[in-house]
$ cat query_15.cif   # mmCIF, C-alpha atoms and all ligand atoms
data_structure
loop_
_atom_site.label_atom_id
_atom_site.label_comp_id
_atom_site.auth_asym_id
_atom_site.auth_seq_id
_atom_site.Cartn_x
_atom_site.Cartn_y
_atom_site.Cartn_z
CA MET G 39 109.96 234.05 68.37
CA ARG G 40 106.79 234.13 70.41
CA ARG G 41 107.06 230.41 71.00
CA ARG G 42 110.66 230.69 72.20
CA SER G 43 109.88 233.43 74.67
CA LEU G 44 106.85 231.58 76.04
CA LEU G 45 108.96 228.48 76.52
CA ALA G 46 111.60 230.52 78.32
CA LEU G 47 109.00 232.00 80.69
CA ALA G 48 107.47 228.57 81.25
CA ALA G 49 110.78 227.50 82.73
CA THR G 50 109.98 229.83 85.65
CA PRO G 51 108.14 227.44 88.04
CA ALA G 52 105.55 229.95 89.27
CA LEU G 53 104.48 230.96 85.76
CA ALA G 54 104.54 227.59 84.06
CA PRO G 55 101.00 226.28 84.82
CA PHE G 56 99.44 229.63 83.89
CA LEU G 57 101.27 229.85 80.59
CA ILE G 58 100.48 226.28 79.62
CA ALA G 59 96.78 226.83 80.33
CA CYS G 60 96.69 230.13 78.39
CA GLY G 61 98.96 229.20 75.52
CA GLY G 62 96.87 226.14 74.65
CA GLU G 63 100.01 224.42 73.40
CA SER G 64 99.60 221.57 75.87
CA ALA G 65 95.82 221.33 75.79
CA ALA G 66 94.76 217.72 76.17
CA ARG G 67 94.23 215.98 72.85
CA VAL G 68 94.49 212.56 71.32
CA GLU G 69 95.30 211.88 67.70
CA VAL G 70 93.89 208.55 66.52
CA PHE G 71 94.99 207.08 63.21
CA THR G 72 92.82 204.64 61.21
CA TRP G 73 91.59 204.08 57.66
CA TRP G 74 87.96 204.25 58.68
CA THR G 75 86.71 207.20 56.67
CA GLY G 76 84.33 205.81 54.07
CA PRO G 77 80.66 204.91 54.36
CA GLY G 78 80.28 201.82 56.51
CA GLU G 79 83.63 202.43 58.21
CA GLY G 80 83.17 205.92 59.59
CA GLU G 81 79.92 205.03 61.36
CA GLY G 82 81.64 202.50 63.62
CA LEU G 83 84.48 204.86 64.48
CA ASP G 84 81.96 207.63 65.22
CA GLU G 85 80.42 205.46 67.95
CA LEU G 86 83.78 205.17 69.69
CA ILE G 87 84.44 208.90 69.26
CA LYS G 88 81.07 209.72 70.86
CA LEU G 89 81.80 207.52 73.86
CA PHE G 90 85.30 208.96 74.14
CA ALA G 91 83.92 212.51 74.18
CA LYS G 92 81.41 211.59 76.88
CA ALA G 93 84.03 210.02 79.11
CA ASN G 94 86.73 212.62 78.36
CA PRO G 95 85.06 215.98 77.74
CA ASP G 96 88.38 217.81 78.24
CA ILE G 97 90.34 215.87 75.67
CA GLU G 98 90.12 216.98 72.06
CA PHE G 99 89.75 214.03 69.68
CA VAL G 100 91.78 214.44 66.50
CA ASN G 101 90.62 212.05 63.80
CA ALA G 102 93.69 211.33 61.66
CA ALA G 103 92.02 208.75 59.42
CA ILE G 104 93.45 208.28 55.92
CA ALA G 105 90.97 207.15 53.24
CA GLY G 106 91.27 203.84 51.41
CA GLY G 107 89.71 200.50 52.30
CA GLY G 108 92.07 197.80 53.51
CA GLY G 109 94.50 200.45 54.75
CA ASP G 110 97.33 200.26 52.18
CA GLN G 111 97.40 204.06 51.82
CA ALA G 112 97.07 204.61 55.57
CA ARG G 113 99.91 202.20 56.38
CA ALA G 114 102.19 204.00 53.90
CA VAL G 115 101.49 207.34 55.60
CA LEU G 116 101.91 205.74 59.02
CA ALA G 117 105.27 204.23 58.04
CA SER G 118 106.64 207.62 57.05
CA ARG G 119 105.34 209.23 60.24
CA LEU G 120 106.94 206.50 62.36
CA GLN G 121 110.15 206.90 60.38
CA ALA G 122 110.10 210.64 61.11
CA SER G 123 109.46 210.00 64.85
CA ASP G 124 106.08 211.72 64.50
CA PRO G 125 103.68 208.99 65.61
CA PRO G 126 99.97 209.57 66.20
CA ASP G 127 98.85 208.88 69.78
CA SER G 128 97.24 205.60 68.80
CA PHE G 129 97.01 203.73 65.51
CA GLN G 130 95.04 200.82 64.13
CA GLY G 131 96.90 197.60 63.41
CA HIS G 132 95.92 193.98 62.76
CA ALA G 133 96.39 191.28 65.37
CA GLY G 134 98.98 188.68 64.38
CA ALA G 135 101.84 189.12 61.92
CA GLU G 136 101.28 192.85 61.29
CA LEU G 137 101.40 193.69 65.01
CA ALA G 138 104.38 191.36 65.50
CA ASP G 139 106.30 193.47 63.03
CA TYR G 140 105.53 196.71 64.89
CA ILE G 141 106.58 195.03 68.13
CA ASP G 142 109.88 193.78 66.69
CA SER G 143 110.73 197.18 65.31
CA GLY G 144 110.09 198.76 68.71
CA VAL G 145 107.52 201.30 67.50
CA ILE G 146 104.77 200.38 69.97
CA GLU G 147 104.74 200.25 73.75
CA ASP G 148 104.14 197.30 76.02
CA LEU G 149 100.63 197.73 77.50
CA SER G 150 100.88 194.95 80.09
CA GLU G 151 100.58 197.34 83.05
CA LEU G 152 97.43 198.90 81.64
CA PHE G 153 95.97 195.45 80.94
CA ASP G 154 96.74 194.34 84.52
CA ALA G 155 95.34 197.52 86.05
CA GLU G 156 92.11 197.25 84.03
CA GLY G 157 91.75 193.45 84.26
CA TRP G 158 91.40 193.17 80.45
CA GLY G 159 93.26 189.88 80.33
CA ASP G 160 90.22 188.19 81.88
CA VAL G 161 87.61 189.61 79.51
CA LEU G 162 89.27 189.55 76.09
CA HIS G 163 89.18 186.51 73.87
CA PRO G 164 92.13 184.29 74.90
CA GLY G 165 93.10 183.23 71.35
CA LEU G 166 93.14 186.84 70.29
CA MET G 167 95.27 187.82 73.28
CA GLU G 168 97.90 185.34 72.08
CA ASN G 169 98.09 187.17 68.77
CA LEU G 170 98.79 190.46 70.51
CA THR G 171 101.33 189.11 72.97
CA GLN G 172 105.05 188.66 72.51
CA GLY G 173 107.55 187.58 75.15
CA GLY G 174 104.76 187.60 77.75
CA LYS G 175 103.97 191.27 77.05
CA ILE G 176 100.78 192.51 75.42
CA TYR G 177 100.97 195.33 72.90
CA ALA G 178 97.53 196.29 71.63
CA VAL G 179 93.86 196.54 72.55
CA PRO G 180 91.61 194.58 70.15
CA VAL G 181 88.26 196.16 69.33
CA ASN G 182 86.74 193.43 67.20
CA ILE G 183 86.79 190.17 65.31
CA HIS G 184 86.08 190.48 61.61
CA ARG G 185 85.50 187.57 59.24
CA ALA G 186 87.04 187.45 55.77
CA ASN G 187 85.60 184.28 54.17
CA LEU G 188 82.22 185.66 53.21
CA LEU G 189 80.35 185.55 49.92
CA TRP G 190 77.74 188.31 49.74
CA THR G 191 74.87 187.62 47.38
CA ASN G 192 72.09 189.44 45.56
CA PRO G 193 69.16 187.08 46.31
CA THR G 194 67.03 188.44 43.46
CA VAL G 195 69.71 187.93 40.82
CA LEU G 196 70.24 184.36 42.01
CA ALA G 197 66.51 183.57 42.24
CA ASP G 198 65.84 185.01 38.77
CA ALA G 199 68.46 182.62 37.39
CA GLY G 200 67.12 179.72 39.48
CA LEU G 201 70.39 179.44 41.41
CA GLU G 202 71.37 178.73 45.02
CA PRO G 203 74.58 180.24 46.43
CA ALA G 204 77.55 178.27 45.08
CA THR G 205 79.24 175.87 47.48
CA SER G 206 82.39 175.33 45.41
CA TRP G 207 84.43 177.73 43.32
CA SER G 208 83.95 175.65 40.18
CA GLU G 209 80.19 175.76 40.72
CA LEU G 210 80.37 179.55 40.97
CA VAL G 211 82.29 179.71 37.68
CA GLU G 212 79.71 177.43 36.01
CA GLN G 213 76.83 179.55 37.30
CA ALA G 214 78.15 182.61 35.47
CA GLU G 215 76.66 181.65 32.13
CA LYS G 216 73.20 181.08 33.67
CA LEU G 217 72.95 184.69 34.79
CA GLY G 218 71.03 187.04 32.56
CA ASP G 219 72.57 189.33 29.94
CA GLY G 220 74.72 192.11 31.27
CA LYS G 221 75.19 190.40 34.63
CA ILE G 222 78.54 189.37 36.02
CA ALA G 223 79.03 186.61 38.57
CA LEU G 224 81.45 188.44 40.85
CA SER G 225 82.24 192.10 41.40
CA ILE G 226 85.75 193.00 42.45
CA GLY G 227 87.68 196.08 43.57
CA PRO G 228 91.31 197.21 43.85
CA LEU G 229 94.34 194.96 44.32
CA TRP G 230 93.80 194.38 48.05
CA THR G 231 90.31 193.03 47.34
CA GLN G 232 91.86 190.70 44.75
CA LEU G 233 94.31 189.49 47.41
CA HIS G 234 91.34 188.98 49.73
CA LEU G 235 89.60 186.95 47.00
CA LEU G 236 92.76 184.92 46.45
CA GLU G 237 92.97 183.91 50.11
CA THR G 238 89.37 182.70 50.09
CA VAL G 239 89.91 180.66 46.90
CA LEU G 240 93.05 179.09 48.43
CA LEU G 241 91.12 178.35 51.62
CA GLY G 242 88.20 176.76 49.78
CA GLU G 243 90.33 174.72 47.41
CA LEU G 244 93.07 173.57 49.82
CA GLY G 245 91.11 173.28 53.07
CA ALA G 246 91.90 174.94 56.40
CA ASP G 247 95.02 172.94 57.34
CA ALA G 248 96.82 173.30 54.03
CA TYR G 249 95.76 176.96 53.85
CA ALA G 250 97.28 177.60 57.30
CA GLY G 251 100.44 175.79 56.14
CA LEU G 252 100.97 178.34 53.36
CA TRP G 253 102.00 180.89 56.00
CA THR G 254 104.36 178.64 57.95
CA GLY G 255 106.20 177.02 55.05
CA GLU G 256 104.44 173.67 55.63
CA THR G 257 102.36 173.91 52.46
CA SER G 258 104.30 174.35 49.24
CA TRP G 259 103.14 177.13 46.92
CA THR G 260 104.54 175.30 43.93
CA ASP G 261 103.06 171.82 44.36
CA SER G 262 100.25 170.72 42.09
CA ALA G 263 97.39 171.24 44.58
CA THR G 264 98.36 174.87 45.14
CA ILE G 265 98.93 175.50 41.44
CA ASP G 266 95.49 174.03 40.70
CA ALA G 267 93.97 176.33 43.33
CA LEU G 268 95.76 179.30 41.74
CA ASP G 269 94.35 178.29 38.35
CA THR G 270 90.90 178.19 39.93
CA PHE G 271 91.51 181.75 41.11
CA THR G 272 92.21 182.73 37.49
CA ALA G 273 88.96 181.03 36.42
CA VAL G 274 87.06 182.92 39.12
CA LEU G 275 88.57 186.21 37.96
CA GLY G 276 87.37 185.24 34.50
CA VAL G 277 83.74 185.56 35.66
CA SER G 278 84.41 188.83 37.48
CA ASP G 279 84.60 192.44 36.33
CA VAL G 280 88.32 192.68 37.04
CA ALA G 281 88.89 194.61 33.83
CA GLN G 282 86.56 197.32 35.19
CA ALA G 283 87.46 196.79 38.84
CA ALA G 284 85.86 199.22 41.28
CA ALA G 285 88.04 201.83 42.96
CA ASP G 286 87.24 200.63 46.49
CA TRP G 287 85.15 198.05 48.30
CA GLN G 288 82.00 200.16 48.60
CA PRO G 289 81.64 200.73 44.83
CA GLN G 290 82.44 197.02 44.43
CA LEU G 291 79.41 196.25 46.62
CA ASP G 292 77.29 198.82 44.76
CA LYS G 293 77.36 196.44 41.78
CA LEU G 294 75.89 193.75 44.03
CA ILE G 295 73.26 196.12 45.38
CA ASP G 296 72.14 197.30 41.95
CA GLY G 297 71.96 193.75 40.61
CA THR G 298 74.84 194.02 38.11
CA ALA G 299 76.64 191.27 40.01
CA ALA G 300 75.37 188.11 41.70
CA TYR G 301 78.21 187.86 44.21
CA SER G 302 80.99 189.74 45.93
CA VAL G 303 83.66 188.44 48.32
CA MET G 304 84.31 190.83 51.18
CA GLY G 305 84.90 190.86 54.91
CA ASP G 306 82.01 191.67 57.16
CA TRP G 307 82.62 195.39 57.11
CA ALA G 308 80.30 194.79 54.10
CA TYR G 309 77.55 194.44 56.70
CA SER G 310 78.32 197.95 57.92
CA TYR G 311 77.87 199.26 54.38
CA LEU G 312 74.81 197.20 53.45
CA ALA G 313 72.94 197.31 56.77
CA THR G 314 74.25 200.33 58.68
CA ASN G 315 74.83 202.70 55.80
CA LYS G 316 72.43 201.56 53.04
CA LYS G 317 69.79 200.25 55.48
CA LEU G 318 69.27 197.09 53.41
CA ALA G 319 67.55 194.03 54.88
CA TYR G 320 69.40 190.80 55.63
CA GLU G 321 68.29 187.86 53.50
CA SER G 322 65.82 189.80 51.35
CA ASP G 323 67.96 192.66 50.00
CA TYR G 324 71.29 190.87 50.46
CA GLY G 325 72.42 187.41 51.52
CA VAL G 326 75.67 186.04 52.85
CA VAL G 327 77.22 182.58 53.10
CA GLU G 328 80.73 181.26 53.70
CA THR G 329 82.95 181.56 50.62
CA PRO G 330 82.78 178.34 48.56
CA GLY G 331 84.46 175.36 50.22
CA SER G 332 84.90 177.06 53.60
CA ALA G 333 81.80 176.06 55.58
CA GLY G 334 82.77 175.51 59.23
CA VAL G 335 85.89 177.69 58.89
CA PHE G 336 86.25 181.21 60.25
CA ASP G 337 88.95 183.23 58.45
CA TYR G 338 89.53 185.90 61.08
CA LEU G 339 91.18 189.28 61.44
CA SER G 340 91.11 191.75 64.29
CA ASP G 341 91.59 195.51 64.49
CA ALA G 342 93.61 196.56 67.51
CA PHE G 343 94.78 199.92 68.84
CA THR G 344 98.29 200.68 70.00
CA LEU G 345 100.28 203.16 72.04
CA PRO G 346 103.21 204.17 69.81
CA ALA G 347 106.61 204.78 71.39
CA GLY G 348 107.12 208.54 71.67
CA ALA G 349 103.39 209.39 71.47
CA LYS G 350 102.97 213.03 72.45
CA ASN G 351 99.78 212.41 74.41
CA ALA G 352 100.28 209.03 76.01
CA ASP G 353 97.80 209.60 78.86
CA SER G 354 95.09 210.65 76.43
CA ALA G 355 95.95 207.59 74.33
CA ARG G 356 95.39 205.38 77.39
CA ALA G 357 91.98 207.06 77.84
CA TRP G 358 91.22 206.15 74.19
CA LEU G 359 92.33 202.55 74.76
CA ARG G 360 90.00 202.34 77.78
CA VAL G 361 87.05 203.27 75.56
CA CYS G 362 88.16 200.72 72.93
CA ALA G 363 88.34 197.97 75.55
CA SER G 364 85.08 198.78 77.32
CA VAL G 365 81.98 196.60 76.88
CA GLU G 366 80.01 199.72 76.03
CA GLY G 367 82.58 200.74 73.39
CA GLN G 368 82.79 197.30 71.83
CA ASP G 369 79.02 196.83 71.61
CA ALA G 370 78.39 200.30 70.18
CA PHE G 371 81.22 199.95 67.66
CA ASN G 372 80.81 196.36 66.50
CA THR G 373 77.05 196.36 65.97
CA LYS G 374 77.63 199.17 63.45
CA LYS G 375 80.95 197.94 62.03
CA GLY G 376 79.74 194.42 61.24
CA SER G 377 82.25 192.73 63.50
CA LEU G 378 82.02 190.70 66.70
CA PRO G 379 83.28 191.96 70.04
CA ALA G 380 86.76 190.96 71.16
CA ARG G 381 85.40 190.87 74.71
CA ILE G 382 83.83 187.63 75.82
CA ASP G 383 81.36 189.39 78.15
CA ALA G 384 79.69 191.66 75.58
CA ASP G 385 75.90 191.75 75.25
CA GLN G 386 75.25 188.96 72.74
CA SER G 387 71.57 189.87 72.36
CA LEU G 388 72.61 193.00 70.44
CA TYR G 389 74.11 190.93 67.62
CA THR G 390 71.21 190.12 65.32
CA ASP G 391 70.58 189.04 61.68
CA TYR G 392 73.94 188.51 59.95
CA LEU G 393 75.80 189.23 63.19
CA GLY G 394 73.73 186.64 65.08
CA TRP G 395 74.50 183.97 62.46
CA ASN G 396 78.18 184.86 62.58
CA MET G 397 78.31 185.00 66.39
CA SER G 398 76.92 181.47 66.67
CA GLN G 399 79.60 180.19 64.30
CA TRP G 400 82.37 182.04 66.13
CA LEU G 401 81.25 180.56 69.44
CA ASP G 402 80.76 177.03 68.08
CA PRO G 403 83.68 174.92 69.38
CA ALA G 404 83.59 172.90 66.12
CA THR G 405 84.45 175.98 64.03
CA VAL G 406 88.02 175.96 62.68
CA ILE G 407 89.76 179.33 62.93
CA VAL G 408 92.37 180.47 60.41
CA GLY G 409 93.94 183.91 59.86
CA SER G 410 93.57 186.38 57.00
CA LEU G 411 96.39 187.13 54.56
CA ALA G 412 94.97 190.36 53.17
CA HIS G 413 94.32 191.78 56.64
CA GLY G 414 97.56 191.24 58.47
CA ALA G 415 96.96 188.10 60.52
CA VAL G 416 99.30 185.57 58.93
CA ALA G 417 102.06 187.10 56.78
CA ARG G 418 104.61 189.68 57.89
CA PRO G 419 104.16 193.01 56.06
CA GLY G 420 107.41 192.57 54.07
CA TRP G 421 106.22 189.28 52.63
CA LYS G 422 102.63 190.38 52.20
CA THR G 423 103.73 193.39 50.14
CA GLU G 424 105.76 191.12 47.86
CA ILE G 425 102.78 188.77 47.47
CA GLU G 426 100.58 191.71 46.55
CA THR G 427 103.08 192.98 43.99
CA ALA G 428 103.38 189.52 42.40
CA LEU G 429 99.59 189.24 42.42
CA GLY G 430 99.34 192.41 40.32
CA VAL G 431 101.28 190.55 37.61
CA PHE G 432 99.47 187.23 38.12
CA VAL G 433 96.06 188.84 37.68
CA THR G 434 97.19 190.07 34.28
CA ASP G 435 99.16 187.09 32.95
CA GLY G 436 97.48 184.15 34.77
CA ASN G 437 100.83 182.37 35.16
CA ALA G 438 100.33 180.41 38.38
CA THR G 439 103.81 178.86 38.44
CA THR G 440 105.61 182.19 38.09
CA PHE G 441 103.42 183.62 40.84
CA ALA G 442 104.01 180.64 43.16
CA GLU G 443 107.75 180.88 42.61
CA ALA G 444 107.76 184.62 43.32
CA VAL G 445 105.80 184.08 46.55
CA THR G 446 108.16 181.31 47.65
CA ALA G 447 111.27 183.38 46.89
CA ALA G 448 109.81 186.37 48.75
CA TYR G 449 109.09 184.15 51.77
CA LYS G 450 112.71 183.01 51.87
CA ALA G 451 113.98 186.55 51.40
CA THR G 452 111.78 188.09 54.08
CA SER G 453 111.61 185.39 56.76
CA GLY G 454 115.25 185.87 57.68
C1 LIG H 1 90.42 195.87 57.07
C2 LIG H 1 90.07 196.34 58.46
C3 LIG H 1 88.59 196.44 58.58
C4 LIG H 1 88.02 197.28 57.46
C5 LIG H 1 88.57 196.86 56.11
C6 LIG H 1 88.13 197.72 54.96
O1 LIG H 1 91.80 195.76 56.91
O2 LIG H 1 90.57 195.42 59.37
O3 LIG H 1 88.24 196.99 59.83
O4 LIG H 1 88.24 198.58 57.74
O5 LIG H 1 89.95 196.80 56.13
O6 LIG H 1 88.69 198.97 55.00
#

$ encode --input "query_15.cif" --output "structure tokens"
Amino acid sequence: MRRRSLLALAATPALAPFLIACGGESAARVEVFTWWTGPGEGEGLDELIKLFAKANPDIEFVNAAIAGGGGDQARAVLASRLQASDPPDSFQGHAGAELADYIDSGVIEDLSELFDAEGWGDVLHPGLMENLTQGGKIYAVPVNIHRANLLWTNPTVLADAGLEPATSWSELVEQAEKLGDGKIALSIGPLWTQLHLLETVLLGELGADAYAGLWTGETSWTDSATIDALDTFTAVLGVSDVAQAAADWQPQLDKLIDGTAAYSVMGDWAYSYLATNKKLAYESDYGVVETPGSAGVFDYLSDAFTLPAGAKNADSARAWLRVCASVEGQDAFNTKKGSLPARIDADQSLYTDYLGWNMSQWLDPATVIVGSLAHGAVARPGWKTEIETALGVFVTDGNATTFAEAVTAAYKATSG
């Protein structure tokens, strides 16, 4: 009742500004939706929130993050909010296929005007811009470039066993029996981390070109090379702790930190956990190399922020996007988050130890860039979900042919 009468009074032009100011119902706010809640994720987001508060002291920041690495839980919540026409003011999405799906379904706004006004087209990585553009319009502001094909190591466990980091997946499998009692070769987490592992095994076994062809229909899932690679994945799982898989990626890495495991495959948000959160030292406490067979290849993904259609606080959302796109924002965020800046004019001297190594590879013109399956770059969400479901079965039964056939059928069914 109170709300109705206030609204009625607000219709009186002379009273409206006063009532809005007093009622607080239209106080400036921005609701930002991510899955960056856990240790090593939250720290990066906090940097952006701090900068946002400094630049926009009158806008309340509402952190609508939903827990769960990889974002499966968050995307499910987001989908139901979008379905109910209750979007947050900005949400996190992955450049490439995932964003393309949001664009096609009309749930995010064209940001071309904002990009033109701010001149962002000139300072953001051109390849990345392509993955956020459709029909000449650009739909999201990228904050970073993450790398997926990384094998994190426990240097002490390897040294004690007299081992160097494996350069092929079969070598990694062979190394397992040389590790001491009670040690596992590879720690693993929930299904999305298994999908992430699968993409790196496919990349290492098939090579960059054939890997890229898996997402365009040019590489067959059912031919013998792919089936062999899938069997290698099963062998790799055989030297992992999949039967006692960790509940999320941080506990997965805890097994690396405490020396239970020699290796773990994870994107470079692992850096944010190991270095930013746990304060461990690069190369002595933890090491990192390309996943076996993928030297010279950069399996990329990028987090980008959107302006959903029907956002209640679109101006505040634009203010948020300005912070995300700024050099200051990108440098503060990425040096904590373990990613590289999407801007080409960021301060490179800030990217040291692992980040320095990774930056030089990203900038090397000889590096081959491919996109991540597990993190939205290459497969539309409909297909990716089907792959993940089939993977749940494959991990249990090890039947590569059944899996390959399911993936192929799902591609046909979802690629319209
Ligand atoms: C990815 C996301 C990264 C990181 C990771 C773990 O999908 O792009 O920024 O958050 O999940 O949660």

$ closest_residue --input "query_15.cif" --among "G:Gly305, G:Gly242, G:Gly255, G:Gly297" --to "Thr329 in chain G" --atoms "all atoms listed in the file"
G:Gly242

$ closest_atom_pairs --input "query_15.cif" --of "range 135-228 of chain G" --to "range 276-285 of chain G" --cutoff "8 Å" --atoms "only C-alpha atoms" --output "CSV"
residue,atom,partner,partner_atom,distance
G:Val211,CA,G:Val277,CA,6.4
G:Ala214,CA,G:Val277,CA,6.3
G:Ile222,CA,G:Ser278,CA,6.1
G:Ala223,CA,G:Val277,CA,5.6
G:Leu224,CA,G:Ser278,CA,4.5
G:Ser225,CA,G:Ser278,CA,5.5
G:Ile226,CA,G:Ala283,CA,5.5
G:Gly227,CA,G:Ala284,CA,4.3
G:Pro228,CA,G:Ala285,CA,5.7

$ atom_distance --input "query_15.cif" --atom1 "CA of Glu328 in chain G" --atom2 "CA of Ile382 in chain G"
23.2 Å

$ residues_near_point --input "query_15.cif" --point "(74.4, 198.0, 55.3)" --cutoff "12 Å" --atoms "only C-alpha atoms" --output "ChimeraX atom specification"
/G:77-79,81-82,190,288,291-292,295,306-321,323-325,373-376,391-393

$ write_last_selection --input "query_15.cif" --atoms "C-alpha atoms" --output "PDB file, keeping the file's coordinate frame"
ATOM      1  CA  PRO G  77      80.660 204.910  54.360  1.00  0.00           C
ATOM      2  CA  GLY G  78      80.280 201.820  56.510  1.00  0.00           C
ATOM      3  CA  GLU G  79      83.630 202.430  58.210  1.00  0.00           C
ATOM      4  CA  GLU G  81      79.920 205.030  61.360  1.00  0.00           C
ATOM      5  CA  GLY G  82      81.640 202.500  63.620  1.00  0.00           C
ATOM      6  CA  TRP G 190      77.740 188.310  49.740  1.00  0.00           C
ATOM      7  CA  GLN G 288      82.000 200.160  48.600  1.00  0.00           C
ATOM      8  CA  LEU G 291      79.410 196.250  46.620  1.00  0.00           C
ATOM      9  CA  ASP G 292      77.290 198.820  44.760  1.00  0.00           C
ATOM     10  CA  ILE G 295      73.260 196.120  45.380  1.00  0.00           C
ATOM     11  CA  ASP G 306      82.010 191.670  57.160  1.00  0.00           C
ATOM     12  CA  TRP G 307      82.620 195.390  57.110  1.00  0.00           C
ATOM     13  CA  ALA G 308      80.300 194.790  54.100  1.00  0.00           C
ATOM     14  CA  TYR G 309      77.550 194.440  56.700  1.00  0.00           C
ATOM     15  CA  SER G 310      78.320 197.950  57.920  1.00  0.00           C
ATOM     16  CA  TYR G 311      77.870 199.260  54.380  1.00  0.00           C
ATOM     17  CA  LEU G 312      74.810 197.200  53.450  1.00  0.00           C
ATOM     18  CA  ALA G 313      72.940 197.310  56.770  1.00  0.00           C
ATOM     19  CA  THR G 314      74.250 200.330  58.680  1.00  0.00           C
ATOM     20  CA  ASN G 315      74.830 202.700  55.800  1.00  0.00           C
ATOM     21  CA  LYS G 316      72.430 201.560  53.040  1.00  0.00           C
ATOM     22  CA  LYS G 317      69.790 200.250  55.480  1.00  0.00           C
ATOM     23  CA  LEU G 318      69.270 197.090  53.410  1.00  0.00           C
ATOM     24  CA  ALA G 319      67.550 194.030  54.880  1.00  0.00           C
ATOM     25  CA  TYR G 320      69.400 190.800  55.630  1.00  0.00           C
ATOM     26  CA  GLU G 321      68.290 187.860  53.500  1.00  0.00           C
ATOM     27  CA  ASP G 323      67.960 192.660  50.000  1.00  0.00           C
ATOM     28  CA  TYR G 324      71.290 190.870  50.460  1.00  0.00           C
ATOM     29  CA  GLY G 325      72.420 187.410  51.520  1.00  0.00           C
ATOM     30  CA  THR G 373      77.050 196.360  65.970  1.00  0.00           C
ATOM     31  CA  LYS G 374      77.630 199.170  63.450  1.00  0.00           C
ATOM     32  CA  LYS G 375      80.950 197.940  62.030  1.00  0.00           C
ATOM     33  CA  GLY G 376      79.740 194.420  61.240  1.00  0.00           C
ATOM     34  CA  ASP G 391      70.580 189.040  61.680  1.00  0.00           C
ATOM     35  CA  TYR G 392      73.940 188.510  59.950  1.00  0.00           C
ATOM     36  CA  LEU G 393      75.800 189.230  63.190  1.00  0.00           C
TER      37      LEU G 393
END

$ residues_around --input "query_15.cif" --residues "Phe343 in chain G" --least-positions-apart "4" --cutoff "7 Å" --atoms "all atoms listed in the file" --output "ChimeraX atom specification"
/G:128-131,178-180,359

$ write_last_selection --input "query_15.cif" --atoms "C-alpha atoms" --output "PDB file, in the coordinates of the input"
ATOM      1  CA  SER G 128      97.240 205.600  68.800  1.00  0.00           C
ATOM      2  CA  PHE G 129      97.010 203.730  65.510  1.00  0.00           C
ATOM      3  CA  GLN G 130      95.040 200.820  64.130  1.00  0.00           C
ATOM      4  CA  GLY G 131      96.900 197.600  63.410  1.00  0.00           C
ATOM      5  CA  ALA G 178      97.530 196.290  71.630  1.00  0.00           C
ATOM      6  CA  VAL G 179      93.860 196.540  72.550  1.00  0.00           C
ATOM      7  CA  PRO G 180      91.610 194.580  70.150  1.00  0.00           C
ATOM      8  CA  LEU G 359      92.330 202.550  74.760  1.00  0.00           C
TER       9      LEU G 359
END

$ residues_around --input "query_15.cif" --residues "range 193-209 of chain G" --least-positions-apart "3" --cutoff "10 Å" --atoms "only C-alpha atoms" --output "PyMOL selection string"
chain G and resi 189-190+212-218+221+223+238-239+242-243+267+270-271+273-274+294-301+321-333

$ residues_around --input "query_15.cif" --residues "Leu235 in chain G" --least-positions-apart "5" --cutoff "9 Å" --atoms "all atoms listed in the file" --output "PDB file with C-alpha atoms, in the coordinates of the input"
ATOM      1  CA  ASN G 187      85.600 184.280  54.170  1.00  0.00           C
ATOM      2  CA  ILE G 226      85.750 193.000  42.450  1.00  0.00           C
ATOM      3  CA  TRP G 230      93.800 194.380  48.050  1.00  0.00           C
ATOM      4  CA  LEU G 240      93.050 179.090  48.430  1.00  0.00           C
ATOM      5  CA  PHE G 271      91.510 181.750  41.110  1.00  0.00           C
ATOM      6  CA  VAL G 303      83.660 188.440  48.320  1.00  0.00           C
ATOM      7  CA  MET G 304      84.310 190.830  51.180  1.00  0.00           C
ATOM      8  CA  ALA G 412      94.970 190.360  53.170  1.00  0.00           C
TER       9      ALA G 412
END

$ residues_around --input "query_15.cif" --residues "Phe371 in chain G" --least-positions-apart "5" --cutoff "12 Å" --atoms "only C-alpha atoms" --output "PyMOL selection string"
chain G and resi 78-90+180-183+307+310+314+341+361-366+376-380+384+388-389

$ residues_near_ligand --input "query_15.cif" --ligand "ligand LIG 1 (chain H)" --cutoff "6 Å" --atoms "only C-alpha atoms and all ligand atoms" --output "list of chain:residue names"
G:Trp74, G:Gly107, G:Gly108, G:Gly109, G:Trp307, G:Asp341, G:His413

$ atom_distance --input "query_15.cif" --atom1 "CA of Leu411 in chain G" --atom2 "CA of Glu237 in chain G"
6.5 Å

$ axis_aligned_box --input "query_15.cif" --around "range 384-388 of chain G" --padding-each-side "8 Å" --output "lines of an AutoDock Vina configuration file"
center_x = 75.6
center_y = 191.0
center_z = 73.0
size_x = 24.1
size_y = 20.0
size_z = 21.1

$ residues_around --input "query_15.cif" --residues "range 262-264 of chain G" --least-positions-apart "3" --cutoff "9 Å" --atoms "only C-alpha atoms" --output "number ranges by chain"
G: 240, 243-244, 257-259, 267-269, 438, 442

$ closest_residue --input "query_15.cif" --among "G:Asp142, G:Asp219, G:Asp160, G:Asp154" --to "Gly173 in chain G" --atoms "all atoms listed in the file"
G:Asp142

$ residues_near_point --input "query_15.cif" --point "(97.1, 205.6, 76.8)" --cutoff "9 Å" --atoms "only C-alpha atoms" --output "PyMOL selection string"
chain G and resi 127-128+149+152+344-345+351-360

$ atom_distance --input "query_15.cif" --atom1 "CA of Glu168 in chain G" --atom2 "CA of Thr231 in chain G"
27.0 Å
